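Engineer: data-v2.csv is reproduced in full below (CSV, C-alpha atoms).
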chain,number,residue,atom,x,y,z
A,145,TYR,CA,-36.7,-26.2,-35.6
A,146,ILE,CA,-34.0,-28.4,-34.1
A,147,GLN,CA,-31.1,-26.7,-32.4
A,148,PHE,CA,-27.7,-27.7,-31.0
A,149,ALA,CA,-24.6,-25.7,-30.2
A,150,VAL,CA,-20.9,-26.0,-29.3
A,151,LYS,CA,-19.0,-23.5,-27.1
A,152,ALA,CA,-15.3,-22.9,-26.4
A,153,ASN,CA,-14.1,-22.4,-22.8
A,154,SER,CA,-12.8,-19.0,-21.9
A,155,GLY,CA,-9.3,-18.5,-23.3
A,156,TYR,CA,-10.0,-20.7,-26.4
A,157,GLN,CA,-11.7,-20.3,-29.7
A,158,LEU,CA,-13.4,-22.6,-32.1
A,159,ASN,CA,-12.1,-23.0,-35.7
A,160,VAL,CA,-15.0,-24.7,-37.5
A,161,SER,CA,-14.9,-26.2,-41.0
A,162,SER,CA,-18.0,-28.4,-41.6
A,163,LEU,CA,-21.1,-30.0,-40.1
A,164,SER,CA,-22.2,-33.6,-40.8
A,165,PHE,CA,-25.3,-35.4,-39.6
A,166,PHE,CA,-27.7,-38.3,-40.3
A,167,ARG,CA,-31.3,-37.3,-41.0
A,168,GLN,CA,-34.4,-39.2,-41.8
A,169,ALA,CA,-38.1,-38.3,-42.2
A,170,SER,CA,-41.3,-40.3,-41.7
A,171,ALA,CA,-43.4,-40.8,-44.9
A,172,THR,CA,-45.7,-37.8,-44.1
A,173,ALA,CA,-43.0,-35.4,-43.0
A,174,PRO,CA,-41.8,-32.6,-45.4
A,175,ASN,CA,-38.7,-33.5,-47.4
A,176,GLN,CA,-37.1,-30.0,-47.5
A,177,LEU,CA,-34.6,-28.9,-44.9
A,178,GLU,CA,-33.0,-25.5,-44.2
A,179,VAL,CA,-29.8,-25.5,-42.1
A,180,ARG,CA,-28.3,-22.3,-40.6
A,181,TYR,CA,-25.5,-21.5,-38.1
A,182,SER,CA,-24.9,-18.3,-36.1
A,183,THR,CA,-22.2,-17.0,-33.7
A,184,ASP,CA,-24.3,-14.2,-32.3
A,185,ASN,CA,-27.5,-16.0,-31.2
A,186,PHE,CA,-29.1,-15.5,-34.6
A,187,ALA,CA,-28.9,-11.8,-34.7
A,188,THR,CA,-27.3,-12.8,-38.0
A,189,SER,CA,-26.8,-16.2,-39.6
A,190,THR,CA,-25.4,-18.2,-42.5
A,191,THR,CA,-27.6,-20.6,-44.5
A,192,TRP,CA,-26.7,-23.7,-46.4
A,193,GLY,CA,-28.1,-22.8,-49.8
A,194,SER,CA,-28.4,-26.3,-51.3
A,195,THR,CA,-29.4,-28.7,-48.6
A,196,PRO,CA,-30.2,-32.2,-50.0
A,197,LEU,CA,-33.8,-33.4,-49.8
A,198,THR,CA,-34.7,-35.7,-46.9
A,199,SER,CA,-35.7,-39.3,-47.6
A,200,THR,CA,-37.5,-41.9,-45.6
A,201,SER,CA,-34.5,-44.2,-45.7
A,202,GLY,CA,-32.2,-41.7,-44.2
A,203,THR,CA,-28.8,-40.5,-45.4
A,204,TYR,CA,-25.7,-38.9,-43.9
A,205,ILE,CA,-24.9,-35.4,-45.3
A,206,THR,CA,-22.1,-32.9,-44.9
A,207,TRP,CA,-22.2,-29.1,-45.1
A,208,ASP,CA,-18.7,-28.0,-46.0
A,209,PHE,CA,-18.9,-24.3,-45.4
A,210,ALA,CA,-16.2,-21.6,-45.5
A,211,ASP,CA,-13.9,-22.1,-42.4
A,212,PHE,CA,-14.4,-19.5,-39.6
A,213,SER,CA,-13.3,-18.9,-36.1
A,214,THR,CA,-15.2,-17.7,-33.1
A,215,ALA,CA,-14.3,-15.1,-30.6
A,216,ASN,CA,-12.7,-15.9,-27.2
A,217,GLY,CA,-15.1,-18.4,-25.5
A,218,GLY,CA,-17.4,-18.1,-28.5
A,219,LYS,CA,-20.3,-20.3,-29.3
A,220,VAL,CA,-21.7,-21.6,-32.6
A,221,VAL,CA,-25.4,-22.5,-32.7
A,222,PHE,CA,-26.9,-24.6,-35.5
A,223,ARG,CA,-30.6,-24.8,-36.4
A,224,LEU,CA,-32.4,-27.2,-38.7
A,225,TYR,CA,-35.8,-26.3,-40.2
A,226,PRO,CA,-37.8,-29.1,-41.9
A,227,TYR,CA,-40.3,-27.4,-44.2
A,228,GLY,CA,-42.3,-27.7,-47.4
A,229,THR,CA,-45.4,-29.4,-48.7
A,230,GLN,CA,-43.8,-32.4,-50.5
A,231,ARG,CA,-43.9,-35.6,-48.4
A,232,ALA,CA,-40.6,-37.5,-47.8
A,233,ASP,CA,-42.1,-40.6,-49.5
A,234,LEU,CA,-42.8,-38.4,-52.6
A,235,THR,CA,-46.5,-39.4,-52.8
A,236,ALA,CA,-49.0,-36.9,-54.2
A,237,THR,CA,-50.6,-35.9,-51.0
A,238,ALA,CA,-49.2,-33.0,-49.0
A,239,ALA,CA,-46.9,-33.3,-46.0
A,240,ALA,CA,-48.6,-33.5,-42.6
A,241,THR,CA,-47.8,-31.8,-39.4
A,242,THR,CA,-47.9,-35.2,-37.7
A,243,GLY,CA,-44.8,-36.3,-39.6
A,244,THR,CA,-41.6,-36.9,-37.7
A,245,PHE,CA,-38.0,-36.0,-38.4
A,246,ARG,CA,-34.8,-37.7,-37.0
A,247,ILE,CA,-31.4,-36.2,-36.5
A,248,ASP,CA,-28.5,-38.4,-35.4
A,249,SER,CA,-24.7,-38.8,-35.4
A,250,VAL,CA,-24.0,-35.1,-35.5
A,251,MET,CA,-20.3,-34.2,-36.1
A,252,ILE,CA,-18.9,-30.7,-36.1
A,253,GLN,CA,-15.5,-30.7,-37.7
A,254,GLY,CA,-12.8,-28.2,-36.5
A,255,THR,CA,-10.3,-27.5,-33.9
A,256,VAL,CA,-10.1,-25.7,-30.5
A,257,THR,CA,-7.1,-23.4,-30.1
A,258,PRO,CA,-5.9,-21.1,-27.3
A,259,VAL,CA,-6.7,-17.4,-27.9
A,260,ILE,CA,-3.5,-15.3,-27.8
A,261,PRO,CA,-4.2,-12.0,-26.0
A,262,VAL,CA,-2.9,-8.9,-27.9
A,263,ILE,CA,-2.1,-5.5,-26.4
A,264,ALA,CA,-1.1,-2.4,-28.4
A,265,ALA,CA,-0.1,1.2,-27.6
A,266,SER,CA,0.1,4.2,-29.8
A,267,GLY,CA,1.4,7.7,-29.4
A,268,SER,CA,4.8,9.1,-28.4
A,269,LEU,CA,5.6,10.8,-25.1
A,270,SER,CA,6.9,14.3,-24.7
A,271,SER,CA,9.8,15.4,-22.5
A,272,LEU,CA,8.7,16.6,-19.1
A,273,SER,CA,10.3,18.9,-16.6
A,274,THR,CA,9.4,20.2,-13.1
A,275,THR,CA,10.7,21.7,-9.9
A,276,TYR,CA,11.4,19.3,-7.0
A,277,GLY,CA,8.2,18.9,-4.9
A,278,THR,CA,5.8,19.5,-7.7
A,279,PRO,CA,4.4,16.9,-10.2
A,280,SER,CA,5.1,17.9,-13.8
A,281,SER,CA,2.5,18.5,-16.5
A,282,THR,CA,1.3,15.4,-18.3
A,283,THR,CA,2.0,13.6,-21.6
A,284,SER,CA,0.0,10.5,-22.7
A,285,PHE,CA,-0.4,7.5,-24.9
A,286,THR,CA,-3.3,5.2,-25.9
A,287,LEU,CA,-3.6,1.6,-24.8
A,288,ASN,CA,-6.0,-1.1,-26.2
A,289,GLY,CA,-6.2,-4.9,-26.2
A,290,THR,CA,-8.1,-7.9,-27.3
A,291,ASP,CA,-8.9,-11.3,-25.8
A,292,LEU,CA,-7.4,-10.4,-22.5
A,293,ASN,CA,-7.4,-12.9,-19.6
A,294,THR,CA,-6.9,-10.1,-17.1
A,295,GLY,CA,-6.3,-6.3,-17.2
A,296,VAL,CA,-3.2,-4.7,-18.6
A,297,THR,CA,-0.5,-3.9,-16.0
A,298,VAL,CA,1.2,-0.6,-16.8
A,299,THR,CA,4.6,-0.1,-15.0
A,300,PRO,CA,6.5,3.1,-15.4
A,301,PRO,CA,10.2,3.6,-14.7
A,302,ALA,CA,11.4,5.2,-11.5
A,303,GLY,CA,10.5,8.9,-11.2
A,304,PHE,CA,7.3,8.7,-13.2
A,305,GLU,CA,3.7,7.9,-12.4
A,306,VAL,CA,0.8,6.9,-14.6
A,307,SER,CA,-3.0,7.2,-14.4
A,308,THR,CA,-6.2,6.9,-16.4
A,309,SER,CA,-7.3,10.2,-14.9
A,310,SER,CA,-5.9,13.3,-16.4
A,311,THR,CA,-5.8,14.9,-13.0
A,312,PHE,CA,-4.3,11.9,-11.3
A,313,ALA,CA,-7.2,12.0,-8.8
A,314,SER,CA,-7.6,8.2,-9.0
A,315,ASN,CA,-6.2,5.0,-10.6
A,316,VAL,CA,-2.5,6.1,-10.2
A,317,GLY,CA,0.4,3.7,-10.6
A,318,ASN,CA,4.2,3.9,-10.2
A,319,SER,CA,7.2,1.7,-10.5
A,320,SER,CA,6.6,-0.1,-7.2
A,321,SER,CA,2.8,-0.2,-7.4
A,322,PRO,CA,1.8,-0.5,-11.1
A,323,LEU,CA,-1.5,0.6,-12.7
A,324,VAL,CA,-3.9,-2.0,-13.9
A,325,VAL,CA,-6.1,-0.9,-16.9
A,326,GLY,CA,-9.2,-2.9,-17.9
A,327,THR,CA,-10.3,-6.5,-17.1
A,328,SER,CA,-10.7,-9.6,-19.1
A,329,GLY,CA,-12.1,-9.5,-22.6
A,330,ASN,CA,-11.4,-6.6,-24.9
A,331,LEU,CA,-9.9,-3.2,-23.8
A,332,SER,CA,-11.2,-0.3,-25.9
A,333,SER,CA,-8.8,2.6,-26.5
A,334,THR,CA,-7.9,4.1,-23.2
A,335,THR,CA,-5.7,7.1,-22.6
A,336,VAL,CA,-2.9,6.6,-20.1
A,337,TYR,CA,-1.4,9.8,-18.7
A,338,VAL,CA,2.2,10.1,-17.6
A,339,ARG,CA,4.0,12.7,-15.4
A,340,LEU,CA,7.1,13.1,-13.2
A,341,LYS,CA,6.3,12.4,-9.5
A,342,ALA,CA,6.4,15.2,-7.0
A,343,ASP,CA,9.1,13.3,-5.0
A,344,ALA,CA,11.3,12.6,-8.0
A,345,SER,CA,14.7,13.7,-6.8
A,346,VAL,CA,17.1,16.2,-8.4
A,347,ALA,CA,20.0,13.8,-7.8
A,348,ALA,CA,18.5,11.1,-10.0
A,349,SER,CA,17.5,13.5,-12.8
A,350,PRO,CA,17.2,13.2,-15.7
A,351,TYR,CA,14.7,10.4,-15.9
A,352,SER,CA,13.9,8.1,-18.8
A,353,GLY,CA,13.1,4.4,-19.6
A,354,ASN,CA,10.3,2.3,-20.8
A,355,ILE,CA,6.7,2.1,-19.6
A,356,VAL,CA,6.0,-1.6,-19.7
A,357,CYS,CA,2.5,-2.7,-20.6
A,358,SER,CA,1.9,-6.4,-19.9
A,359,THR,CA,-0.8,-9.1,-19.4
A,360,PRO,CA,-0.5,-12.9,-19.1
A,361,GLY,CA,-0.1,-14.7,-22.4
A,362,ALA,CA,0.6,-11.5,-24.5
A,363,THR,CA,3.8,-10.0,-25.8
A,364,SER,CA,4.6,-7.0,-23.6
A,365,VAL,CA,4.6,-3.6,-25.2
A,366,ASN,CA,7.1,-0.9,-24.2
A,367,VAL,CA,6.3,2.8,-24.4
A,368,ALA,CA,9.5,4.9,-24.3
A,369,THR,CA,9.6,8.0,-22.1
A,370,ALA,CA,11.6,11.0,-23.3
A,371,SER,CA,14.4,12.2,-21.1
A,372,SER,CA,12.8,14.4,-18.4
A,373,SER,CA,14.3,16.5,-15.6
A,374,VAL,CA,13.8,17.8,-12.1
A,375,SER,CA,15.3,21.1,-11.1
A,376,THR,CA,16.1,22.3,-7.6
A,377,LYS,CA,13.6,24.2,-5.4
A,378,THR,CA,14.5,27.4,-3.6
A,379,ILE,CA,14.3,27.1,0.2
A,380,SER,CA,14.3,30.2,2.4
A,381,ILE,CA,14.8,30.6,6.2
A,382,SER,CA,13.4,33.6,8.0
A,383,GLY,CA,12.5,34.6,11.6
A,384,ILE,CA,16.0,34.6,13.1
A,385,THR,CA,18.7,37.2,13.7
A,386,GLY,CA,22.4,36.5,14.3
A,387,ALA,CA,24.1,38.2,17.2
A,388,ASN,CA,27.2,40.3,16.5
A,389,LYS,CA,30.4,38.9,18.0
A,390,VAL,CA,34.0,39.7,18.1
A,391,TYR,CA,36.1,37.0,16.6
A,392,ASP,CA,37.6,35.0,19.4
A,393,GLY,CA,39.2,32.1,17.6
A,394,ASN,CA,36.1,29.8,17.6
A,395,LYS,CA,33.1,29.4,15.4
A,396,THR,CA,30.4,29.5,18.1
A,397,ALA,CA,27.7,32.0,17.3
A,398,SER,CA,24.3,32.8,18.7
A,399,TYR,CA,21.0,34.0,17.3
A,400,THR,CA,17.6,35.1,18.4
A,401,GLY,CA,14.1,34.3,17.1
A,402,THR,CA,12.4,31.2,15.7
A,403,ALA,CA,13.4,29.8,12.3
A,404,VAL,CA,10.6,29.7,9.7
A,405,TYR,CA,11.4,27.4,6.7
A,406,SER,CA,9.7,28.0,3.4
A,407,GLY,CA,9.9,25.7,0.4
A,408,LEU,CA,10.2,22.3,2.0
A,409,ALA,CA,8.4,19.5,0.2
A,410,ASN,CA,7.4,15.8,0.6
A,411,GLY,CA,7.3,15.9,4.4
A,412,GLU,CA,10.9,17.1,4.7
A,413,SER,CA,12.0,19.2,7.7
A,414,PHE,CA,15.0,21.0,9.2
A,415,SER,CA,16.0,21.0,12.8
A,416,ASP,CA,17.5,23.9,14.6
A,417,ARG,CA,21.0,23.5,16.0
In structure tokens, how does this file's structure come out?
Structural biologist:
Amino acid sequence: YIQFAVKANSGYQLNVSSLSFFRQASATAPNQLEVRYSTDNFATSTTWGSTPLTSTSGTYITWDFADFSTANGGKVVFRLYPYGTQRADLTATAAATTGTFRIDSVMIQGTVTPVIPVIAASGSLSSLSTTYGTPSSTTSFTLNGTDLNTGVTVTPPAGFEVSTSSTFASNVGNSSSPLVVGTSGNLSSTTVYVRLKADASVAASPYSGNIVCSTPGATSVNVATASSSVSTKTISISGITGANKVYDGNKTASYTGTAVYSGLANGESFSDR
């Protein structure tokens, strides 16, 4: 067979509508021709069902097939198969393997257009709550995308963090350092977990806002968080004893022992005075 192909650059797709070419056979070549195209290296293919017979004088023919588009950076491969026992000069003797076949002036009609990446998210997030210093339980949504040029950046609002790990052992992002999910190409359905951060403050509670999912060239998708809260944490001090004093008009007091603080979080500390 005779083969030729056309391929789009990454970020573009082919929109193909027809194939035209000049073909001519020598007198002893077969006059039948099968033409096929494939977008998956001939795992499957489409065949021209009524290809005109090939003559010795040569003619220009056009296959006006149903329009189709390739995937991002896709390729279309065409194959031409001369075959049969009838000679191109239509004489009674059978076609010979020594016959020759000519293809020229090939024209593939269509356009090349940019591929627009698409991202989508599904699922609604539940309200979360926690005590200061401890991350909350998780809620989640599902993220997917097609024809991506890069991964999807997932940016949560302040107070929240996101991860593709249900335990947040890895791949964790927050408002100042977003999470990137996937790479270029297609992103299959991926669960993104959401929780309140351990250092989310009580003063800024309750927390809410949109988790923004974005990638170059695509329309960003917002996933709304439900209003979520952080409650105060109990702190206790032990190990010291105040000395009795008779009120003398000032507030100075003394104590004995060493203070032991329980319940501090996020690297916080007290200093004795």
Engineer: Considering all atoms listed in the file, state which residue in the set A:Leu197, A:Leu234, A:Gln168, A:Val160 is at the smallest distance from A:Thr214.
Structural biologist: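 Comparing A:Leu197, A:Leu234, A:Gln168, A:Val160 against A:Thr214, the winner is A:Val160.
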Engineer: Need to verify the contact set: A:Ala403, 6 Å, all atoms listed in the file, exclusion of same-chain residues closer than 5 positions in sequence. Can you return it as a list in words?
Structural biologist: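 These residues fall inside the cut-off: Ser382, Gly383 and Ile384 of chain A.
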Engineer: Name the closest residue to A:Arg223 among the candidates A:Val338, A:Ile355, A:Leu163, A:Val316; distances are taken between atoms, counting only C-alpha atoms.
Structural biologist: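 With only C-alpha atoms as the atom set, the closest residue is A:Leu163.
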Engineer: What are the closest atom pairs, with distances in Å to one decimal, for all residues of stretch 218-258 of chain A lying within 9 Å of stretch 184-196 of chain A? Consider all atoms listed in the file, order rows by chain and residue number, and present the result as a Markdown table.
Structural biologist:
| residue | atom | partner | partner_atom | distance |
| --- | --- | --- | --- | --- |
| A:Gly218 | CA | A:Asp184 | CA | 8.8 |
| A:Lys219 | CA | A:Asp184 | CA | 7.9 |
| A:Val220 | CA | A:Asp184 | CA | 7.8 |
| A:Val221 | CA | A:Asn185 | CA | 7.0 |
Engineer: Which residue gives the smallest distance to A:Gly155 among A:Thr294, A:Gln176, A:Gln253, A:Thr229, with only C-alpha atoms counted?
Structural biologist: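 Among A:Thr294, A:Gln176, A:Gln253, A:Thr229, it is A:Thr294 that comes nearest to A:Gly155.
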Engineer: My list of candidates is A:Ile252, A:Ala171, A:Ala264, A:Leu292. Which is closest to A:Ala238 when distances are computed with all atoms listed in the file?
Structural biologist: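 With all atoms listed in the file as the atom set, the closest residue is A:Ala171.
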Engineer: Kindly give the distance, in Å, that separates atom CA of A:Leu331 and atom CA of A:Val298, rounded to a single decimal.
Structural biologist: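 So the two atoms, atom CA of A:Leu331 and atom CA of A:Val298, lie 13.4 Å apart.
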Engineer: So how far away is atom CA of A:Gly202 from atom CA of A:Thr237, in Å?
Structural biologist: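 Straight-line distance from atom CA of A:Thr237 to atom CA of A:Gly202 works out to 20.5 Å.
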Engineer: Using all atoms listed in the file, determine which residues lie at most 7 Å from A:Phe222, disregarding the query and same-chain residues fewer than 2 positions distant; provide the list as a PyMOL selection string.
Structural biologist: chain A and resi 147-149+180-182+220+224
Engineer: Filtering to C-alpha atoms, could you give me those residues as a PDB file, keeping the file's coordinate frame?
Structural biologist:
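Output file result_38.pdb is given in full below:
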ATOM      1  CA  GLN A 147     -31.100 -26.700 -32.400  1.00  0.00           C
ATOM      2  CA  PHE A 148     -27.700 -27.700 -31.000  1.00  0.00           C
ATOM      3  CA  ALA A 149     -24.600 -25.700 -30.200  1.00  0.00           C
ATOM      4  CA  ARG A 180     -28.300 -22.300 -40.600  1.00  0.00           C
ATOM      5  CA  TYR A 181     -25.500 -21.500 -38.100  1.00  0.00           C
ATOM      6  CA  SER A 182     -24.900 -18.300 -36.100  1.00  0.00           C
ATOM      7  CA  VAL A 220     -21.700 -21.600 -32.600  1.00  0.00           C
ATOM      8  CA  LEU A 224     -32.400 -27.200 -38.700  1.00  0.00           C
TER       9      LEU A 224
END
Engineer: The residues within 8 Å of (-4.8, -5.6, -21.3), using only C-alpha atoms and the coordinates of the file, should be reported as a PyMOL selection string; which are they?
Structural biologist: chain A and resi 261-263+288-290+292-297+325-328+330-331+357-359
Engineer: Tell me which of A:Ser199, A:Tyr225, A:Arg246, A:Tyr145 sits closest to A:Val179, counting all atoms listed in the file.
Structural biologist: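 Comparing A:Ser199, A:Tyr225, A:Arg246, A:Tyr145 against A:Val179, the winner is A:Tyr225.
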Engineer: So that I can see what lies close to A:Thr334, please list as a list in words the residues with an atom at most 8 Å from it, counting only C-alpha atoms and leaving out residues fewer than 4 positions away in the same chain.
Structural biologist: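 With the cut-off at 8 Å, the set is Thr286, Leu287, Asn288 and Thr308 of chain A.
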Engineer: Find the residue from A:Thr376, A:Thr206, A:Asp291, A:Ser273 that sits nearest to A:Gly329; use all atoms listed in the file when measuring.
Structural biologist: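 For A:Gly329, the nearest of the candidates is A:Asp291.
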Engineer: Around (-8.0, 7.7, -13.0) in the file's own coordinates, what residues are found within 12 Å if you use only C-alpha atoms, given back as a PDB file with C-alpha atoms, in the frame of the given file?
Structural biologist:
ATOM      1  CA  GLU A 305       3.700   7.900 -12.400  1.00  0.00           C
ATOM      2  CA  VAL A 306       0.800   6.900 -14.600  1.00  0.00           C
ATOM      3  CA  SER A 307      -3.000   7.200 -14.400  1.00  0.00           C
ATOM      4  CA  THR A 308      -6.200   6.900 -16.400  1.00  0.00           C
ATOM      5  CA  SER A 309      -7.300  10.200 -14.900  1.00  0.00           C
ATOM      6  CA  SER A 310      -5.900  13.300 -16.400  1.00  0.00           C
ATOM      7  CA  THR A 311      -5.800  14.900 -13.000  1.00  0.00           C
ATOM      8  CA  PHE A 312      -4.300  11.900 -11.300  1.00  0.00           C
ATOM      9  CA  ALA A 313      -7.200  12.000  -8.800  1.00  0.00           C
ATOM     10  CA  SER A 314      -7.600   8.200  -9.000  1.00  0.00           C
ATOM     11  CA  ASN A 315      -6.200   5.000 -10.600  1.00  0.00           C
ATOM     12  CA  VAL A 316      -2.500   6.100 -10.200  1.00  0.00           C
ATOM     13  CA  GLY A 317       0.400   3.700 -10.600  1.00  0.00           C
ATOM     14  CA  LEU A 323      -1.500   0.600 -12.700  1.00  0.00           C
ATOM     15  CA  VAL A 324      -3.900  -2.000 -13.900  1.00  0.00           C
ATOM     16  CA  VAL A 325      -6.100  -0.900 -16.900  1.00  0.00           C
ATOM     17  CA  GLY A 326      -9.200  -2.900 -17.900  1.00  0.00           C
ATOM     18  CA  THR A 334      -7.900   4.100 -23.200  1.00  0.00           C
ATOM     19  CA  THR A 335      -5.700   7.100 -22.600  1.00  0.00           C
ATOM     20  CA  VAL A 336      -2.900   6.600 -20.100  1.00  0.00           C
ATOM     21  CA  TYR A 337      -1.400   9.800 -18.700  1.00  0.00           C
ATOM     22  CA  VAL A 338       2.200  10.100 -17.600  1.00  0.00           C
TER      23      VAL A 338
END
Engineer: Please, what distance in Å, to one decimal, runs between atom CA of A:Ile381 and atom CA of A:Ala347?
Structural biologist: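 Distance reported for this atom pair: 22.5 Å.
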Engineer: Emit stretch 377-385 of chain A of the structure in the block as a file comprising all heavy atoms, as a short mmCIF file (atom, residue, chain, number, x, y, z; two decimals), in the first residue's frame.
Structural biologist:
data_model
loop_
_atom_site.label_atom_id
_atom_site.label_comp_id
_atom_site.auth_asym_id
_atom_site.auth_seq_id
_atom_site.Cartn_x
_atom_site.Cartn_y
_atom_site.Cartn_z
N LYS A 377 -9.41 26.40 71.90
CA LYS A 377 -8.82 25.23 72.53
C LYS A 377 -8.48 25.56 73.98
O LYS A 377 -7.97 26.65 74.27
CB LYS A 377 -7.55 24.81 71.78
CG LYS A 377 -6.90 23.56 72.34
CD LYS A 377 -5.72 23.12 71.49
CE LYS A 377 -5.14 21.81 72.01
NZ LYS A 377 -4.03 21.33 71.18
N THR A 378 -8.75 24.66 74.88
CA THR A 378 -8.46 24.88 76.29
C THR A 378 -6.96 24.78 76.55
O THR A 378 -6.30 23.84 76.11
CB THR A 378 -9.20 23.86 77.17
OG1 THR A 378 -10.60 23.99 76.93
CG2 THR A 378 -8.90 24.06 78.64
N ILE A 379 -6.42 25.77 77.26
CA ILE A 379 -5.02 25.75 77.66
C ILE A 379 -4.96 25.73 79.18
O ILE A 379 -5.67 26.49 79.86
CB ILE A 379 -4.28 26.99 77.12
CG1 ILE A 379 -4.29 26.98 75.59
CG2 ILE A 379 -2.85 27.04 77.65
CD1 ILE A 379 -3.67 28.21 74.98
N SER A 380 -4.15 24.85 79.73
CA SER A 380 -4.01 24.77 81.19
C SER A 380 -2.56 25.02 81.60
O SER A 380 -1.63 24.76 80.85
CB SER A 380 -4.47 23.41 81.70
OG SER A 380 -3.66 22.38 81.15
N ILE A 381 -2.41 25.57 82.81
CA ILE A 381 -1.09 25.85 83.36
C ILE A 381 -1.00 25.15 84.71
O ILE A 381 -1.87 25.29 85.57
CB ILE A 381 -0.86 27.37 83.55
CG1 ILE A 381 -1.08 28.10 82.22
CG2 ILE A 381 0.53 27.65 84.09
CD1 ILE A 381 -1.02 29.61 82.35
N SER A 382 0.05 24.38 84.90
CA SER A 382 0.26 23.66 86.16
C SER A 382 1.71 23.80 86.59
O SER A 382 2.55 24.34 85.86
CB SER A 382 -0.13 22.19 85.99
OG SER A 382 0.68 21.57 85.01
N GLY A 383 1.99 23.32 87.80
CA GLY A 383 3.37 23.29 88.27
C GLY A 383 3.81 24.49 89.07
O GLY A 383 4.97 24.56 89.49
N ILE A 384 2.93 25.45 89.33
CA ILE A 384 3.32 26.63 90.11
C ILE A 384 2.31 26.85 91.23
O ILE A 384 1.14 26.47 91.13
CB ILE A 384 3.43 27.90 89.24
CG1 ILE A 384 2.10 28.19 88.54
CG2 ILE A 384 4.56 27.77 88.23
CD1 ILE A 384 2.10 29.51 87.79
N THR A 385 2.79 27.44 92.30
CA THR A 385 1.95 27.75 93.46
C THR A 385 2.17 29.20 93.86
O THR A 385 3.32 29.65 94.04
CB THR A 385 2.30 26.83 94.65
OG1 THR A 385 2.15 25.47 94.26
CG2 THR A 385 1.39 27.14 95.84
#
